[in-house]
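Contents: one structure, followed by commentary.
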Amino acid sequence: MTPGADAAVPPTAADLTRLLQFGDSMFPIGAFAFSGGLESAVQTRVVTGADTLLAYARTAVAQAASGDGIALVCAHRAASAGDLAALVTIDERVLARKLSGETRTMSLRMGKKAIELGAHVLCVPLVAAWRDRIDRGATPGTYPVALAVNFAAQGLAARDAFVVHQYGVAATILSAALRLMRISHFETQKMLHELGARVEVDYERAAAARLADMAGFAPLTEVLAAVHVQAHVRLFMN
């Protein structure tokens with residue numbers, strides 16, 4: 001596949017292995033250190049069991065699709081075109097929409113690590129150039145943009161990057177749930193399967209949106225983030 005290839009083109013076996021590698025929940029970008037706000041949700045009893053956990057994860061996935069997901073698709077297009085100036089604009093707008101310090105920290109730490117790994121593994125000029133801008137402080141280096149750059153540099157489709165991003169949001173929350181709640185792998189795997197059912201529809205909406213359409217209305221999430229900052233006992237960084 002070539003950069004910017006249409007999602008309808010069937011991926012090769014090599015493409016699939018790269019999707020698995022960069023989409024693996026164990027890909028070492030530090031996602032395990034974050035709970036996606038679930039820790040505060042459990043502590044404040046917003047999430048008390050399987051039903052409320054699924055509702056919480058569903059909201060987080062939907063919010064990601066209408067926010068970072070749109071930015072990711074736009075960034076993939078810019079990266080495929082080699083437009084670094086557009087990537088910087090997208091990167092700055094992603095960061096500007098993250099209200100809590102912990103959410104910003106999560107995106108920046110994961111983004112920086114993702115691009116460092118991408119630069120080391122891929123050895124592609126586009127990825128190296130983006131890493132250089134992050135290292136020089138010329139751009140924030142958010143995770144959605146880093147993921148888009150890594151995928152575009154390998155000729156992997158925007159849809160694939162979007163799927164990996166959305167899967168990561170759900171997997172981060174559900175893996176944290178295993179450490180925060182009395183819930184089993186059987187239950188979380190069933191939830192993960194259910195949460196993936198709408199990813200195609202969500203991608204189509206994100207692909208048809210403009211960068212200015214990035215939005216997310218989940219005020220309780222922001223309240224929980226503020227609660228977490230003041231918590232005396234914390235297992236996760238957000």
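Ordered as shown in the structure tokens, chains take letters A, B, and onward, while each chain numbers its residues from 1 and ligands are numbered from 1 in the order shown.
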Checklist entry - Which parts of segment 69-159 of chain A does DSSP call helix (DSSP H, G or I) when run on the backbone here, written out as a ChimeraX atom specification? => result /A:69-80,84-96,101-122,125-135,143-153,158-159
Any chance you can output those residues with C-alpha atoms as a PDB file, in the first residue's frame?
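Saved to result_23.pdb:
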ATOM      1  CA  GLY A  69     -10.764  10.563  15.911  1.00  0.00           C
ATOM      2  CA  ILE A  70     -11.543  13.442  13.557  1.00  0.00           C
ATOM      3  CA  ALA A  71      -8.114  14.937  14.200  1.00  0.00           C
ATOM      4  CA  LEU A  72      -6.484  11.596  13.483  1.00  0.00           C
ATOM      5  CA  VAL A  73      -8.152  11.292  10.070  1.00  0.00           C
ATOM      6  CA  CYS A  74      -7.206  14.877   9.189  1.00  0.00           C
ATOM      7  CA  ALA A  75      -3.641  14.256  10.376  1.00  0.00           C
ATOM      8  CA  HIS A  76      -3.391  11.094   8.293  1.00  0.00           C
ATOM      9  CA  ARG A  77      -4.320  13.071   5.188  1.00  0.00           C
ATOM     10  CA  ALA A  78      -1.789  15.777   6.003  1.00  0.00           C
ATOM     11  CA  ALA A  79       0.939  13.222   6.732  1.00  0.00           C
ATOM     12  CA  SER A  80       0.201  11.344   3.512  1.00  0.00           C
ATOM     13  CA  LEU A  84       4.015  19.165   8.221  1.00  0.00           C
ATOM     14  CA  ALA A  85       2.591  22.655   8.691  1.00  0.00           C
ATOM     15  CA  ALA A  86      -0.945  21.243   8.602  1.00  0.00           C
ATOM     16  CA  LEU A  87       0.108  18.547  11.070  1.00  0.00           C
ATOM     17  CA  VAL A  88       1.307  21.203  13.518  1.00  0.00           C
ATOM     18  CA  THR A  89      -2.036  23.018  13.276  1.00  0.00           C
ATOM     19  CA  ILE A  90      -3.941  19.786  13.921  1.00  0.00           C
ATOM     20  CA  ASP A  91      -1.635  18.866  16.793  1.00  0.00           C
ATOM     21  CA  GLU A  92      -2.159  22.228  18.490  1.00  0.00           C
ATOM     22  CA  ARG A  93      -5.935  21.988  18.148  1.00  0.00           C
ATOM     23  CA  VAL A  94      -5.989  18.514  19.672  1.00  0.00           C
ATOM     24  CA  LEU A  95      -4.101  19.754  22.731  1.00  0.00           C
ATOM     25  CA  ALA A  96      -6.255  22.884  23.024  1.00  0.00           C
ATOM     26  CA  GLY A 101      -3.838  18.565  32.856  1.00  0.00           C
ATOM     27  CA  GLU A 102      -3.885  14.795  33.257  1.00  0.00           C
ATOM     28  CA  THR A 103      -5.583  14.294  29.897  1.00  0.00           C
ATOM     29  CA  ARG A 104      -3.017  16.512  28.236  1.00  0.00           C
ATOM     30  CA  THR A 105      -0.219  14.591  29.939  1.00  0.00           C
ATOM     31  CA  MET A 106      -1.634  11.292  28.736  1.00  0.00           C
ATOM     32  CA  SER A 107      -1.853  12.418  25.107  1.00  0.00           C
ATOM     33  CA  LEU A 108       1.596  14.031  25.088  1.00  0.00           C
ATOM     34  CA  ARG A 109       3.431  11.181  26.781  1.00  0.00           C
ATOM     35  CA  MET A 110       1.845   8.540  24.599  1.00  0.00           C
ATOM     36  CA  GLY A 111       2.352  10.668  21.488  1.00  0.00           C
ATOM     37  CA  LYS A 112       6.022  11.266  22.157  1.00  0.00           C
ATOM     38  CA  LYS A 113       6.702   7.612  22.908  1.00  0.00           C
ATOM     39  CA  ALA A 114       4.729   6.456  19.859  1.00  0.00           C
ATOM     40  CA  ILE A 115       6.731   8.682  17.522  1.00  0.00           C
ATOM     41  CA  GLU A 116      10.041   7.718  19.167  1.00  0.00           C
ATOM     42  CA  LEU A 117       9.244   4.068  18.574  1.00  0.00           C
ATOM     43  CA  GLY A 118       8.012   4.806  15.065  1.00  0.00           C
ATOM     44  CA  ALA A 119      11.209   6.640  14.215  1.00  0.00           C
ATOM     45  CA  HIS A 120      13.319   3.770  15.532  1.00  0.00           C
ATOM     46  CA  VAL A 121      11.323   0.952  13.934  1.00  0.00           C
ATOM     47  CA  LEU A 122      10.389   2.514  10.595  1.00  0.00           C
ATOM     48  CA  PRO A 125      11.986  10.591   6.903  1.00  0.00           C
ATOM     49  CA  LEU A 126       8.415  11.708   7.631  1.00  0.00           C
ATOM     50  CA  VAL A 127       8.442  10.123  11.094  1.00  0.00           C
ATOM     51  CA  ALA A 128      11.934  11.410  11.820  1.00  0.00           C
ATOM     52  CA  ALA A 129      10.875  14.929  10.821  1.00  0.00           C
ATOM     53  CA  TRP A 130       7.834  14.805  13.102  1.00  0.00           C
ATOM     54  CA  ARG A 131       9.929  13.536  15.994  1.00  0.00           C
ATOM     55  CA  ASP A 132      12.390  16.368  15.425  1.00  0.00           C
ATOM     56  CA  ARG A 133       9.603  18.930  15.672  1.00  0.00           C
ATOM     57  CA  ILE A 134       8.396  17.413  18.931  1.00  0.00           C
ATOM     58  CA  ASP A 135      11.900  17.313  20.387  1.00  0.00           C
ATOM     59  CA  TYR A 143      -1.049  10.840  20.456  1.00  0.00           C
ATOM     60  CA  PRO A 144      -3.688  10.955  17.670  1.00  0.00           C
ATOM     61  CA  VAL A 145      -1.315  12.853  15.403  1.00  0.00           C
ATOM     62  CA  ALA A 146       1.633  10.590  16.222  1.00  0.00           C
ATOM     63  CA  LEU A 147      -0.481   7.533  15.443  1.00  0.00           C
ATOM     64  CA  ALA A 148      -1.600   9.062  12.146  1.00  0.00           C
ATOM     65  CA  VAL A 149       1.989   9.837  11.156  1.00  0.00           C
ATOM     66  CA  ASN A 150       3.144   6.312  11.962  1.00  0.00           C
ATOM     67  CA  PHE A 151       0.342   4.782   9.905  1.00  0.00           C
ATOM     68  CA  ALA A 152       0.623   7.147   6.947  1.00  0.00           C
ATOM     69  CA  ALA A 153       4.381   6.558   6.813  1.00  0.00           C
ATOM     70  CA  ALA A 158      -6.686   6.189   7.804  1.00  0.00           C
ATOM     71  CA  ARG A 159      -9.487   3.784   8.654  1.00  0.00           C
TER      72      ARG A 159
END
Wanna dump the segment 48-111 of chain A-segment 199-202 of chain A contacts at 8 Å for me, each residue with its shortest atom pair and the distance in Å to one decimal, counting only C-alpha atoms, ordered by chain and number, as CSV?
residue,atom,partner,partner_atom,distance
A:Ala62,CA,A:Asp202,CA,7.9
A:Ala65,CA,A:Asp202,CA,6.2
A:Ser66,CA,A:Asp202,CA,8.0
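Between atom CA of Ala31 of chain A and atom CA of Leu178 of chain A there is a distance of 14.5 Å.
Atom pair atom CA of Leu19 of chain A / atom CA of His193 of chain A: separated by 17.7 Å.
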Under the rule of at most 10 Å, produce a per-residue listing of segment 33-100 of chain A near segment 170-177 of chain A: chain, number, name, the closest pair of atoms, and the distance in Å, as a tab-separated table, using only C-alpha atoms.
residue	atom	partner	partner_atom	distance
A:Ala33	CA	A:Ala176	CA	8.8
A:Phe34	CA	A:Thr172	CA	7.1
A:Ser35	CA	A:Ile173	CA	5.3
A:Gly36	CA	A:Ile173	CA	5.6
A:Gly37	CA	A:Ile173	CA	8.0
A:Leu38	CA	A:Ile173	CA	6.5
A:Glu39	CA	A:Ala176	CA	7.9
A:Val42	CA	A:Ala177	CA	8.8
A:Val47	CA	A:Ala177	CA	9.8
A:Gly49	CA	A:Ala177	CA	9.8
A:Ala50	CA	A:Ala177	CA	9.6
A:Leu53	CA	A:Ala177	CA	8.0
A:Leu54	CA	A:Leu174	CA	8.8
A:Tyr56	CA	A:Ile173	CA	8.9
A:Ala57	CA	A:Ala170	CA	6.1
A:Arg58	CA	A:Ala170	CA	7.9
A:Thr59	CA	A:Ala170	CA	9.9
A:Ala60	CA	A:Ala170	CA	7.6
A:Val61	CA	A:Ala170	CA	6.4
A:Ala64	CA	A:Ala170	CA	9.8
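Picture a line from atom CA of Phe162 of chain A to atom CA of Arg210 of chain A; it runs 15.2 Å.
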